[in-house]
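Coordinates as given in input22.csv (CSV, C-alpha atoms and all ligand atoms):
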```csv
chain,number,residue,atom,x,y,z
A,1079,MET,CA,23.5,14.5,-3.6
A,1080,GLU,CA,20.7,16.9,-4.4
A,1081,VAL,CA,17.2,15.9,-3.2
A,1082,GLU,CA,13.7,17.3,-3.9
A,1083,PHE,CA,10.4,15.8,-2.8
A,1084,LEU,CA,8.0,16.3,-5.7
A,1085,GLY,CA,5.3,14.9,-3.4
A,1086,GLY,CA,5.0,12.9,-0.2
A,1087,GLY,CA,6.7,15.5,2.0
A,1088,GLU,CA,4.7,15.9,5.3
A,1089,GLU,CA,1.8,14.0,3.7
A,1090,VAL,CA,0.8,10.4,3.0
A,1091,GLY,CA,0.3,10.1,-0.7
A,1092,ARG,CA,1.7,11.1,-4.2
A,1093,LEU,CA,5.3,10.3,-3.4
A,1094,GLY,CA,8.1,11.3,-5.7
A,1095,ILE,CA,11.7,11.6,-4.5
A,1096,PHE,CA,13.9,13.3,-7.1
A,1097,VAL,CA,17.7,12.7,-6.6
A,1098,LYS,CA,20.7,13.9,-8.4
A,1099,SER,CA,23.9,12.0,-7.6
A,1100,ASN,CA,27.2,12.6,-9.5
A,1101,GLY,CA,25.1,14.7,-11.9
A,1102,ILE,CA,22.8,11.7,-12.7
A,1103,PRO,CA,19.1,12.5,-12.2
A,1104,MET,CA,16.9,9.7,-10.9
A,1105,LEU,CA,13.5,9.2,-9.3
A,1106,PHE,CA,12.4,7.0,-6.4
A,1107,ASP,CA,8.7,6.3,-6.7
A,1108,TYR,CA,6.2,8.5,-8.5
A,1109,GLY,CA,2.6,8.2,-7.2
A,1110,LEU,CA,-0.7,9.9,-6.9
A,1111,THR,CA,-3.2,10.4,-4.1
A,1112,PRO,CA,-6.4,8.5,-5.1
A,1113,GLY,CA,-9.5,10.7,-5.0
A,1114,GLU,CA,-11.9,12.3,-7.4
A,1115,PRO,CA,-9.9,13.7,-9.0
A,1116,PRO,CA,-6.6,12.4,-7.6
A,1117,GLU,CA,-3.9,14.7,-6.4
A,1118,TYR,CA,-0.7,14.7,-8.3
A,1119,PRO,CA,3.0,15.3,-7.4
A,1120,LYS,CA,5.0,18.1,-8.9
A,1121,GLN,CA,6.2,17.5,-12.5
A,1122,SER,CA,9.4,15.5,-12.5
A,1123,PRO,CA,12.4,16.8,-14.5
A,1124,PRO,CA,13.9,14.4,-17.0
A,1125,VAL,CA,15.5,11.3,-15.3
A,1126,ASP,CA,18.0,8.6,-16.2
A,1127,SER,CA,16.3,5.9,-14.2
A,1128,VAL,CA,13.3,5.2,-12.0
A,1129,PHE,CA,13.1,3.0,-8.9
A,1130,LEU,CA,9.6,1.8,-8.0
A,1131,SER,CA,9.3,0.4,-4.4
A,1132,HIS,CA,5.9,-1.2,-4.7
A,1133,ALA,CA,2.6,-1.2,-6.5
A,1134,HIS,CA,0.5,1.0,-4.2
A,1135,LEU,CA,-0.8,3.9,-6.2
A,1136,ASP,CA,0.6,6.6,-3.9
A,1137,HIS,CA,4.0,5.2,-5.0
A,1138,SER,CA,3.3,4.0,-8.6
A,1139,GLY,CA,0.3,5.9,-10.0
A,1140,MET,CA,2.3,8.4,-12.1
A,1141,ILE,CA,4.9,6.0,-13.5
A,1142,PRO,CA,3.1,5.7,-16.9
A,1143,TRP,CA,3.2,9.5,-17.3
A,1144,LEU,CA,6.9,9.5,-16.6
A,1145,ALA,CA,8.1,6.4,-18.3
A,1146,ILE,CA,6.6,7.6,-21.6
A,1147,ARG,CA,8.0,11.1,-21.5
A,1148,TYR,CA,11.6,10.3,-20.5
A,1149,ASN,CA,11.9,6.7,-21.8
A,1150,ALA,CA,13.7,5.8,-18.6
A,1151,PRO,CA,13.9,2.2,-17.3
A,1152,VAL,CA,11.7,1.5,-14.2
A,1153,PHE,CA,13.4,-0.9,-11.9
A,1154,SER,CA,11.1,-3.1,-9.7
A,1155,THR,CA,10.2,-6.7,-9.0
A,1156,ILE,CA,8.1,-8.8,-11.3
A,1157,VAL,CA,5.3,-8.8,-8.7
A,1158,THR,CA,5.2,-5.0,-8.5
A,1159,GLN,CA,5.1,-4.9,-12.3
A,1160,GLU,CA,2.3,-7.4,-12.7
A,1161,VAL,CA,0.2,-5.8,-9.9
A,1162,SER,CA,0.9,-2.3,-11.1
A,1163,LYS,CA,-0.5,-3.1,-14.5
A,1164,LEU,CA,-3.7,-4.2,-12.9
A,1165,LEU,CA,-3.9,-1.0,-10.8
A,1166,PHE,CA,-3.0,1.4,-13.6
A,1167,LYS,CA,-5.8,0.0,-15.8
A,1168,ASP,CA,-8.3,0.0,-12.9
A,1169,THR,CA,-7.3,3.7,-12.1
A,1170,LEU,CA,-8.0,4.6,-15.8
A,1171,LYS,CA,-11.4,2.8,-15.6
A,1172,ILE,CA,-12.4,4.8,-12.5
A,1173,ALA,CA,-11.2,8.1,-14.1
A,1174,GLY,CA,-13.2,7.3,-17.2
A,1175,ALA,CA,-16.3,6.4,-15.2
A,1176,SER,CA,-16.0,9.5,-12.9
A,1177,GLY,CA,-15.4,11.8,-15.9
A,1178,TYR,CA,-12.4,13.8,-14.7
A,1179,PRO,CA,-9.4,14.4,-17.0
A,1180,PHE,CA,-6.5,12.1,-16.4
A,1181,PRO,CA,-2.8,12.6,-17.2
A,1182,TYR,CA,-2.2,9.4,-19.2
A,1183,SER,CA,-4.0,6.9,-21.3
A,1184,GLU,CA,-4.2,3.2,-21.8
A,1185,ILE,CA,-1.5,3.5,-24.6
A,1186,ASP,CA,0.8,5.2,-22.1
A,1187,VAL,CA,0.3,2.3,-19.7
A,1188,ASP,CA,1.3,-0.2,-22.4
A,1189,GLY,CA,4.3,1.9,-23.2
A,1190,ALA,CA,5.4,2.2,-19.6
A,1191,VAL,CA,5.2,-1.5,-19.1
A,1192,GLU,CA,7.8,-1.9,-21.9
A,1193,ASN,CA,10.1,0.2,-19.8
A,1194,PHE,CA,9.9,-2.1,-16.8
A,1195,SER,CA,13.1,-3.7,-15.8
A,1196,THR,CA,12.9,-6.7,-13.5
A,1197,VAL,CA,15.1,-6.9,-10.4
A,1198,GLU,CA,15.0,-9.1,-7.3
A,1199,PRO,CA,15.8,-8.5,-3.6
A,1200,SER,CA,19.6,-8.7,-2.8
A,1201,GLN,CA,20.4,-8.0,-6.5
A,1202,THR,CA,22.5,-4.9,-7.4
A,1203,VAL,CA,22.3,-3.0,-10.7
A,1204,GLU,CA,24.8,-0.5,-12.0
A,1205,ARG,CA,23.8,2.2,-14.5
A,1206,ASN,CA,26.0,5.2,-15.5
A,1207,GLY,CA,28.3,4.6,-12.6
A,1208,ILE,CA,25.4,4.5,-10.0
A,1209,GLU,CA,25.0,1.3,-8.1
A,1210,VAL,CA,21.7,0.4,-6.4
A,1211,LYS,CA,21.1,-2.6,-4.3
A,1212,PHE,CA,17.6,-3.9,-3.6
A,1213,HIS,CA,16.3,-5.2,-0.3
A,1214,SER,CA,12.9,-6.6,0.6
A,1215,SER,CA,10.8,-4.1,2.6
A,1216,GLY,CA,8.2,-6.4,4.2
A,1217,HIS,CA,5.3,-4.1,3.3
A,1218,ILE,CA,3.4,-5.9,0.5
A,1219,PRO,CA,4.5,-8.8,-1.7
A,1220,GLY,CA,7.2,-7.6,-4.1
A,1221,SER,CA,8.0,-4.4,-2.2
A,1222,LEU,CA,11.6,-3.1,-2.1
A,1223,MET,CA,13.9,-0.7,-0.3
A,1224,PHE,CA,16.7,0.9,-2.3
A,1225,GLU,CA,20.4,1.2,-1.2
A,1226,LEU,CA,22.1,3.9,-3.3
A,1227,LYS,CA,25.7,2.7,-2.8
A,1228,ASN,CA,27.8,5.7,-3.7
A,1229,GLU,CA,25.7,8.0,-1.4
A,1230,GLU,CA,25.5,5.3,1.4
A,1231,SER,CA,21.8,6.0,1.4
A,1232,LEU,CA,18.8,3.8,2.0
A,1233,PHE,CA,15.3,4.6,0.7
A,1234,ALA,CA,12.7,2.9,2.9
A,1235,CYS,CA,9.5,3.9,1.2
A,1236,ASP,CA,6.8,1.9,3.1
A,1237,ILE,CA,8.2,-0.8,5.3
A,1238,ASN,CA,7.0,-3.3,7.8
A,1239,THR,CA,9.5,-4.9,10.3
A,1240,ILE,CA,7.3,-7.6,11.8
A,1241,ASP,CA,6.5,-11.0,10.2
A,1242,THR,CA,2.9,-11.4,9.1
A,1243,ARG,CA,1.1,-14.4,7.6
A,1244,LEU,CA,2.1,-13.2,4.2
A,1245,LEU,CA,5.5,-11.7,4.5
A,1246,LYS,CA,8.8,-11.5,6.5
A,1247,GLY,CA,9.6,-8.2,8.0
A,1248,ALA,CA,12.3,-5.8,6.6
A,1249,LYS,CA,15.8,-6.0,8.0
A,1250,PRO,CA,17.9,-2.8,8.7
A,1251,VAL,CA,20.7,-1.9,6.3
A,1252,LYS,CA,23.7,0.2,7.5
A,1253,CYS,CA,23.7,3.6,5.9
A,1254,ARG,CA,24.8,7.2,6.3
A,1255,THR,CA,21.5,8.7,5.2
A,1256,LEU,CA,18.2,7.0,5.8
A,1257,PHE,CA,15.0,8.1,4.0
A,1258,LEU,CA,12.3,6.8,6.2
A,1259,GLU,CA,8.5,6.6,5.8
A,1260,GLY,CA,6.7,7.8,8.9
A,1261,THR,CA,3.1,6.8,8.4
A,1262,TYR,CA,2.7,5.7,12.0
A,1263,SER,CA,4.9,8.3,13.7
A,1264,GLY,CA,3.5,8.6,17.2
A,1265,GLN,CA,1.2,5.5,16.9
A,1266,GLU,CA,1.8,1.9,18.0
A,1267,HIS,CA,0.2,-1.2,16.7
A,1268,PRO,CA,-1.2,-4.0,18.9
A,1269,GLU,CA,0.6,-7.3,19.0
A,1270,ARG,CA,-0.3,-9.3,15.9
A,1271,LYS,CA,-1.2,-12.7,17.4
A,1272,GLN,CA,-3.5,-11.1,20.0
A,1273,LEU,CA,-5.0,-8.9,17.3
A,1274,GLU,CA,-5.9,-11.9,15.1
A,1275,LYS,CA,-7.5,-13.5,18.1
A,1276,GLU,CA,-9.7,-10.5,19.0
A,1277,PHE,CA,-10.5,-10.2,15.3
A,1278,MET,CA,-11.7,-13.8,15.1
A,1279,ASN,CA,-13.7,-13.4,18.4
A,1280,LYS,CA,-15.5,-10.4,16.8
A,1281,ILE,CA,-16.4,-12.4,13.7
A,1282,ASP,CA,-17.7,-15.3,15.8
A,1283,GLU,CA,-19.8,-12.8,17.8
A,1284,VAL,CA,-21.4,-11.2,14.7
A,1285,ILE,CA,-22.1,-14.6,13.1
A,1286,ASP,CA,-23.5,-16.1,16.3
A,1287,ARG,CA,-26.1,-13.3,16.5
A,1288,GLY,CA,-27.2,-14.0,13.0
A,1289,GLY,CA,-25.2,-11.2,11.2
A,1290,LYS,CA,-22.8,-11.1,8.3
A,1291,VAL,CA,-19.4,-9.5,8.2
A,1292,ILE,CA,-18.1,-7.2,5.4
A,1293,ILE,CA,-14.3,-6.8,5.4
A,1294,PRO,CA,-13.2,-4.0,3.1
A,1295,ALA,CA,-9.7,-4.9,2.1
A,1296,PHE,CA,-6.9,-3.6,-0.1
A,1297,ALA,CA,-6.5,-5.8,-3.2
A,1298,VAL,CA,-2.7,-6.2,-2.7
A,1299,GLY,CA,-1.7,-8.0,0.5
A,1300,ARG,CA,-4.6,-7.4,2.8
A,1301,SER,CA,-7.2,-9.4,0.9
A,1302,GLN,CA,-4.9,-12.4,0.8
A,1303,GLU,CA,-3.9,-12.0,4.5
A,1304,MET,CA,-7.5,-11.9,5.5
A,1305,ALA,CA,-8.2,-15.0,3.5
A,1306,MET,CA,-5.3,-16.7,5.4
A,1307,ILE,CA,-6.5,-15.7,8.8
A,1308,LEU,CA,-10.0,-17.0,8.0
A,1309,MET,CA,-8.9,-20.2,6.3
A,1310,ASP,CA,-9.5,-22.5,9.2
A,1311,SER,CA,-12.6,-20.7,10.6
A,1312,GLY,CA,-15.2,-23.0,8.9
A,1313,TYR,CA,-17.2,-20.0,7.8
A,1314,ASP,CA,-18.6,-19.5,4.3
A,1315,VAL,CA,-16.1,-16.9,3.1
A,1316,TRP,CA,-16.4,-14.9,-0.2
A,1317,LEU,CA,-13.7,-12.9,-2.0
A,1318,ASP,CA,-14.8,-10.1,-4.3
A,1319,GLY,CA,-12.8,-7.5,-6.3
A,1320,MET,CA,-9.2,-7.5,-7.5
A,1321,GLY,CA,-7.9,-9.5,-4.5
A,1322,SER,CA,-8.4,-12.8,-6.3
A,1323,LYS,CA,-6.5,-11.7,-9.4
A,1324,VAL,CA,-3.6,-10.5,-7.2
A,1325,ALA,CA,-3.7,-13.8,-5.4
A,1326,GLU,CA,-3.2,-15.6,-8.8
A,1327,ILE,CA,-0.2,-13.4,-9.5
A,1328,LEU,CA,1.3,-14.1,-6.1
A,1329,LEU,CA,0.9,-17.9,-6.6
A,1330,GLU,CA,2.8,-17.5,-9.8
A,1331,TYR,CA,5.8,-16.0,-7.9
A,1332,PRO,CA,5.8,-18.0,-4.7
A,1333,GLU,CA,9.3,-16.7,-3.7
A,1334,TYR,CA,7.7,-13.3,-2.8
A,1335,ILE,CA,5.5,-14.7,-0.1
A,1336,ARG,CA,6.2,-16.6,3.1
A,1337,SER,CA,4.1,-19.7,2.3
A,1338,ALA,CA,2.5,-20.2,-1.1
A,1339,LYS,CA,1.1,-23.5,0.2
A,1340,ASP,CA,-0.9,-21.6,2.9
A,1341,LEU,CA,-2.1,-18.9,0.5
A,1342,LYS,CA,-3.2,-21.6,-2.0
A,1343,LYS,CA,-5.1,-23.4,0.8
A,1344,ALA,CA,-6.7,-20.2,1.9
A,1345,ILE,CA,-7.9,-19.2,-1.7
A,1346,ASP,CA,-9.0,-22.8,-2.4
A,1347,GLY,CA,-11.1,-22.7,0.8
A,1348,LEU,CA,-13.1,-19.7,-0.1
A,1349,ARG,CA,-15.5,-18.7,-2.9
A,1350,VAL,CA,-14.6,-16.1,-5.5
A,1351,VAL,CA,-17.2,-13.7,-6.8
A,1352,TYR,CA,-17.0,-13.3,-10.6
A,1353,SER,CA,-20.4,-11.8,-11.4
A,1354,ASN,CA,-23.5,-10.1,-10.1
A,1355,ARG,CA,-25.0,-13.5,-9.6
A,1356,GLY,CA,-22.0,-14.3,-7.4
A,1357,ARG,CA,-22.7,-11.2,-5.4
A,1358,ALA,CA,-26.2,-12.3,-4.7
A,1359,LEU,CA,-24.9,-15.6,-3.4
A,1360,ALA,CA,-22.1,-14.0,-1.4
A,1361,ILE,CA,-24.5,-11.8,0.6
A,1362,LYS,CA,-26.1,-15.1,1.8
A,1363,GLY,CA,-22.7,-16.3,3.1
A,1364,ASP,CA,-21.0,-15.4,6.4
A,1365,VAL,CA,-18.0,-13.2,5.6
A,1366,ILE,CA,-17.2,-11.1,2.5
A,1367,ILE,CA,-13.7,-9.8,1.8
A,1368,THR,CA,-13.9,-7.1,-0.8
A,1369,THR,CA,-12.3,-4.1,-2.4
A,1370,SER,CA,-11.8,-1.2,-2.1
A,1371,GLY,CA,-10.0,-1.1,1.3
A,1372,MET,CA,-10.9,2.6,1.9
A,1373,MET,CA,-14.4,2.1,0.6
A,1374,ASN,CA,-14.1,4.8,-2.1
A,1375,GLY,CA,-15.5,2.5,-4.8
A,1376,GLY,CA,-15.5,-1.1,-5.9
A,1377,PRO,CA,-17.9,-3.9,-5.0
A,1378,VAL,CA,-17.8,-3.1,-1.2
A,1379,LEU,CA,-20.4,-0.3,-1.6
A,1380,GLY,CA,-23.0,-2.7,-3.1
A,1381,TYR,CA,-22.6,-5.0,0.0
A,1382,VAL,CA,-22.8,-2.1,2.4
A,1383,ASP,CA,-25.9,-0.8,0.6
A,1384,LYS,CA,-27.6,-4.1,1.3
A,1385,LEU,CA,-26.4,-4.7,4.9
A,1386,CYS,CA,-26.1,-1.2,6.4
A,1387,ASP,CA,-29.5,-1.2,8.1
A,1388,ASN,CA,-29.0,-4.8,9.5
A,1389,LYS,CA,-28.0,-4.1,13.1
A,1390,LYS,CA,-26.8,-7.7,13.6
A,1391,SER,CA,-24.2,-7.3,10.8
A,1392,ALA,CA,-20.8,-5.6,10.9
A,1393,ILE,CA,-18.3,-3.8,8.7
A,1394,ILE,CA,-14.8,-4.5,9.9
A,1395,LEU,CA,-12.1,-2.1,8.6
A,1396,THR,CA,-8.6,-3.5,8.8
A,1397,GLY,CA,-6.2,-0.9,7.4
A,1398,TYR,CA,-5.1,2.7,7.3
A,1399,GLN,CA,-7.9,5.1,6.2
A,1400,VAL,CA,-6.6,8.2,4.5
A,1401,GLU,CA,-8.3,11.5,5.3
A,1402,GLY,CA,-11.1,12.3,3.0
A,1403,THR,CA,-11.9,8.6,2.1
A,1404,ASN,CA,-15.2,6.9,2.8
A,1405,GLY,CA,-13.6,4.6,5.3
A,1406,ARG,CA,-12.3,7.5,7.4
A,1407,ARG,CA,-15.7,9.2,7.2
A,1408,LEU,CA,-17.4,5.9,8.3
A,1409,LEU,CA,-15.1,5.6,11.3
A,1410,GLU,CA,-15.4,9.3,12.3
A,1411,THR,CA,-19.1,9.9,11.6
A,1412,GLY,CA,-20.9,6.6,11.0
A,1413,GLU,CA,-21.8,7.8,7.6
A,1414,ILE,CA,-20.8,6.9,4.1
A,1415,LYS,CA,-21.1,8.5,0.7
A,1416,MET,CA,-22.7,6.0,-1.7
A,1417,TYR,CA,-23.4,6.9,-5.3
A,1418,GLY,CA,-23.4,10.6,-4.4
A,1419,ILE,CA,-25.7,10.3,-1.4
A,1420,THR,CA,-24.6,10.4,2.2
A,1421,LYS,CA,-26.1,7.6,4.1
A,1422,LYS,CA,-26.1,6.7,7.8
A,1423,VAL,CA,-24.7,3.2,8.5
A,1424,ASN,CA,-26.7,1.4,11.3
A,1425,CYS,CA,-24.8,-1.9,11.4
A,1426,ASP,CA,-21.8,-2.4,13.7
A,1427,ILE,CA,-18.6,-0.5,12.6
A,1428,GLU,CA,-15.3,-2.0,13.9
A,1429,PHE,CA,-11.6,-1.2,13.3
A,1430,PHE,CA,-8.8,-3.7,13.7
A,1431,ASP,CA,-5.3,-2.3,13.2
A,1432,PHE,CA,-3.8,-4.9,10.7
A,1433,SER,CA,-1.2,-2.5,9.4
A,1434,ALA,CA,1.3,-3.2,6.6
A,1435,HIS,CA,3.5,-0.3,8.0
A,1436,ALA,CA,5.9,-0.4,10.9
A,1437,GLY,CA,4.5,1.3,14.1
A,1438,HIS,CA,6.3,4.1,15.9
A,1439,SER,CA,8.7,2.1,18.1
A,1440,GLN,CA,9.4,-0.3,15.2
A,1441,LEU,CA,10.4,2.7,13.0
A,1442,VAL,CA,12.7,4.1,15.8
A,1443,GLU,CA,14.3,0.7,16.3
A,1444,PHE,CA,14.7,0.1,12.5
A,1445,ALA,CA,16.3,3.6,12.2
A,1446,ARG,CA,18.7,3.0,15.1
A,1447,LYS,CA,19.9,-0.3,13.7
A,1448,CYS,CA,20.7,1.3,10.4
A,1449,SER,CA,23.1,3.6,12.4
A,1450,PRO,CA,22.6,6.6,10.1
A,1451,GLU,CA,24.1,10.1,10.5
A,1452,ASN,CA,21.0,11.6,8.8
A,1453,VAL,CA,17.3,10.6,8.8
A,1454,VAL,CA,14.9,12.1,6.3
A,1455,ILE,CA,11.3,11.6,7.4
A,1456,PHE,CA,8.5,11.6,4.8
A,1457,HIS,CA,5.2,9.9,4.0
A,1458,SER,CA,3.7,11.2,7.2
A,1459,ASP,CA,0.9,13.5,8.3
A,1460,ASN,CA,2.6,14.0,11.7
A,1461,PRO,CA,6.4,13.5,11.6
A,1462,ALA,CA,7.1,15.3,14.9
A,1463,PRO,CA,6.9,12.4,17.4
A,1464,LEU,CA,9.2,10.2,15.2
A,1465,ALA,CA,11.6,13.2,14.7
A,1466,GLU,CA,11.7,13.8,18.5
A,1467,GLU,CA,13.0,10.3,19.2
A,1468,ILE,CA,15.3,9.9,16.2
A,1469,LYS,CA,17.1,13.2,16.9
A,1470,ASP,CA,18.8,11.6,19.9
A,1471,PHE,CA,21.0,9.6,17.5
A,1472,ALA,CA,20.8,11.3,14.1
A,1473,ASN,CA,20.2,14.6,12.3
A,1474,VAL,CA,16.6,14.8,11.3
A,1475,TYR,CA,15.2,16.4,8.1
A,1476,ILE,CA,11.5,16.8,7.4
A,1477,PRO,CA,11.5,18.3,3.9
A,1478,LYS,CA,8.5,20.1,2.4
A,1479,ASN,CA,7.3,19.4,-1.1
A,1480,GLY,CA,9.3,21.4,-3.7
A,1481,GLU,CA,12.2,22.2,-1.3
A,1482,LYS,CA,15.6,21.4,-2.7
A,1483,PHE,CA,18.3,20.3,-0.3
A,1484,GLU,CA,21.8,18.8,-0.3
A,1485,ILE,CA,22.6,15.8,1.9
A,1501,ZN,ZN,2.3,1.1,0.4
A,1502,ZN,ZN,2.6,4.5,0.8
```
What do you get writing this file as structure tokens?
Amino acid sequence: MEVEFLGGGEEVGRLGIFVKSNGIPMLFDYGLTPGEPPEYPKQSPPVDSVFLSHAHLDHSGMIPWLAIRYNAPVFSTIVTQEVSKLLFKDTLKIAGASGYPFPYSEIDVDGAVENFSTVEPSQTVERNGIEVKFHSSGHIPGSLMFELKNEESLFACDINTIDTRLLKGAKPVKCRTLFLEGTYSGQEHPERKQLEKEFMNKIDEVIDRGGKVIIPAFAVGRSQEMAMILMDSGYDVWLDGMGSKVAEILLEYPEYIRSAKDLKKAIDGLRVVYSNRGRALAIKGDVIITTSGMMNGGPVLGYVDKLCDNKKSAIILTGYQVEGTNGRRLLETGEIKMYGITKKVNCDIEFFDFSAHAGHSQLVEFARKCSPENVVIFHSDNPAPLAEEIKDFANVYIPKNGEKFEI
């Protein structure tokens, strides 16, 4: 098959893997790197079908642009579709408010949605002689890996291999060529149970000294997971931003999460912010879980604005912070850009590594168990440490964006 990374080669963001198998052109994910303005992948040639692994914008953000132009079906789970719709509209809103030009409109989003074709884990679809089987990827609810049968290839675009409160980890699939995300190449995660304990201890400490805790969290997966971790804490917990809408979607499709009962209990046990009045009340509570996870916008900035000079309070980041985002700036410099002004943050700043991605050793183990001849590493700022270990048992490729290769 012929392969070209339109984006996502040696970088985290704007993924697009163009593949031609038996003359049939197809695309695995088509995203953008959020920013002002966002960064886009290379323009995709016409394709016969599109496979969307999950709703995160670095994988999904350019789907409306593509689906309209080529009128190709977009295969993904119902959860990915429902959540993507929310994220597309939110992205358009941010683009409109920030005033930069954007490659598609609301009408294109509606058109793209009509091209969505629903599939489920362990299902196989056949189109023009190409068979693709879907496997759960354990990354966020509804996320998939793709097994391209005639090429004996597996596309693992964002995977987690451990069980979390929300999801079961991904299982290896035997293949000849493995396309493997490498976000955490060279970096290990702490053990989850221990991490949860230390996280709760930190929250106890902040609240005991009279402070409040802001948890910036991604709307999909992390907000709900945080709610579940905090559900028996007894604290006055508030949820702001898109995380509550996403929780509603997840409760509609309980087969995509480990325990709908626990999620429901967690959401019922906290208070959801619907308005500015709610925000004024939330700031009087103990813990606020709010978007955006990388602090580039959303209600989180309003809370930080109010609490950043309160030394007793804390901001606890819980996920990967992409270079150039406010969250990364906060961790590295203790400063944040708010409404165009750079501000020093004087409250406590903490980071807990609750990743939705497999860590270094987990990626190596996953790759080994797939017993591939070739491993193509992408979605990584630093693929070298992962390549170094995988080359003991497979040929390793680290493609650059725009480089065409046969595999
Ligand atoms: Zn992702
Ligand atoms: Zn990603």
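Near ligand ZN 1501 (chain A), at a distance of at most 10 Å and with all atoms listed in the file counted, sit the residues Val1090, Gly1091, Ser1131, His1132, Ala1133, His1134, Leu1135, Asp1136, His1137, Ser1138, His1217, Ile1218, Ser1221, Cys1235, Asp1236, Ile1237, Asn1238, Glu1259, Thr1261, Val1298, Gly1299, Ala1434, His1435 and His1457 of chain A.
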Find the residues near Val1315 (chain A): any atom within 9 Å, counting all atoms listed in the file, skip ones fewer than 4 places away on the same chain, and give them as number ranges by chain. A: 1305, 1308-1309, 1347-1350, 1360, 1363-1367
Within 9 Å of Asp1459 (chain A), counting only C-alpha atoms, which residues qualify if same-chain residues fewer than 2 places away don't, as number ranges by chain? A: 1087-1090, 1260-1263, 1456-1457, 1461
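Minimum distance to ligand ZN 1502 (chain A) across A:Phe1471, A:Phe1153, A:Phe1096, A:Tyr1108 (counting only C-alpha atoms and all ligand atoms) occurs at A:Tyr1108.
Nearest residue to Pro1112 (chain A) among A:Phe1257, A:Phe1444, A:Phe1180, A:Tyr1352 is A:Phe1180, counting only C-alpha atoms.
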Provide the CA of Ile1345 (chain A) to CA of Ala1325 (chain A) distance in Å, to one decimal place. 7.8 Å
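If you measure from each of A:Lys1422, A:Pro1268, A:Ser1433, A:Lys1323 to ligand ZN 1502 (chain A) using all atoms listed in the file, the closest one turns out to be A:Ser1433.
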Show which residues sit within 8 Å of region 1196-1203 of chain A, as a list in words. Count only C-alpha atoms, and ignore same-chain residues fewer than 5 positions away. Phe1153, Ser1154, Thr1155, Ile1156, Glu1209, Val1210, Lys1211, Phe1212, His1213, Ser1214 and Leu1222 of chain A
Serialized selection, C-alpha atoms, as an mmCIF file, in the frame of the given file:
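The resulting out-v1.cif:
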```
data_model
loop_
_atom_site.group_PDB
_atom_site.id
_atom_site.type_symbol
_atom_site.label_atom_id
_atom_site.label_comp_id
_atom_site.auth_asym_id
_atom_site.auth_seq_id
_atom_site.Cartn_x
_atom_site.Cartn_y
_atom_site.Cartn_z
ATOM 1 C CA PHE A 1153 13.400 -0.900 -11.900
ATOM 2 C CA SER A 1154 11.100 -3.100 -9.700
ATOM 3 C CA THR A 1155 10.200 -6.700 -9.000
ATOM 4 C CA ILE A 1156 8.100 -8.800 -11.300
ATOM 5 C CA GLU A 1209 25.000 1.300 -8.100
ATOM 6 C CA VAL A 1210 21.700 0.400 -6.400
ATOM 7 C CA LYS A 1211 21.100 -2.600 -4.300
ATOM 8 C CA PHE A 1212 17.600 -3.900 -3.600
ATOM 9 C CA HIS A 1213 16.300 -5.200 -0.300
ATOM 10 C CA SER A 1214 12.900 -6.600 0.600
ATOM 11 C CA LEU A 1222 11.600 -3.100 -2.100
#
```
Set the distance at 8 Å and use all atoms listed in the file: which residues neighbour region 1383-1390 of chain A once local chain neighbours fewer than 2 positions away are removed? I'd like the list as an MDAnalysis selection string. chainID A and resid 1284 1287:1290 1379:1381 1392 1416 1423:1426
CA of Met1373 (chain A) to CA of Asn1404 (chain A): how many Å, to one decimal? 5.3 Å
Taking (2.4, -1.9, -23.5) in the file's coordinates as the center, which residues reach within 12 Å of it, counting only C-alpha atoms, put as a PDB file with C-alpha atoms, in the coordinates of the input?
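Listed below is the output, selection.pdb:
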```
ATOM      1  CA  PRO A1142       3.100   5.700 -16.900  1.00  0.00           C
ATOM      2  CA  ALA A1145       8.100   6.400 -18.300  1.00  0.00           C
ATOM      3  CA  ILE A1146       6.600   7.600 -21.600  1.00  0.00           C
ATOM      4  CA  GLN A1159       5.100  -4.900 -12.300  1.00  0.00           C
ATOM      5  CA  LYS A1163      -0.500  -3.100 -14.500  1.00  0.00           C
ATOM      6  CA  PHE A1166      -3.000   1.400 -13.600  1.00  0.00           C
ATOM      7  CA  LYS A1167      -5.800   0.000 -15.800  1.00  0.00           C
ATOM      8  CA  SER A1183      -4.000   6.900 -21.300  1.00  0.00           C
ATOM      9  CA  GLU A1184      -4.200   3.200 -21.800  1.00  0.00           C
ATOM     10  CA  ILE A1185      -1.500   3.500 -24.600  1.00  0.00           C
ATOM     11  CA  ASP A1186       0.800   5.200 -22.100  1.00  0.00           C
ATOM     12  CA  VAL A1187       0.300   2.300 -19.700  1.00  0.00           C
ATOM     13  CA  ASP A1188       1.300  -0.200 -22.400  1.00  0.00           C
ATOM     14  CA  GLY A1189       4.300   1.900 -23.200  1.00  0.00           C
ATOM     15  CA  ALA A1190       5.400   2.200 -19.600  1.00  0.00           C
ATOM     16  CA  VAL A1191       5.200  -1.500 -19.100  1.00  0.00           C
ATOM     17  CA  GLU A1192       7.800  -1.900 -21.900  1.00  0.00           C
ATOM     18  CA  ASN A1193      10.100   0.200 -19.800  1.00  0.00           C
ATOM     19  CA  PHE A1194       9.900  -2.100 -16.800  1.00  0.00           C
TER      20      PHE A1194
END
```
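The residue that comes closest to ligand ZN 1502 (chain A), out of A:Gly1264, A:Gly1177, A:Pro1250, A:Gly1094 and on the basis of only C-alpha atoms and all ligand atoms, is A:Gly1094.
For the residues A:Phe1430, A:Trp1143, A:Tyr1475, A:Tyr1398, ranking by smallest atom-to-atom distance to ligand ZN 1502 (chain A) using only C-alpha atoms and all ligand atoms places A:Tyr1398 first.
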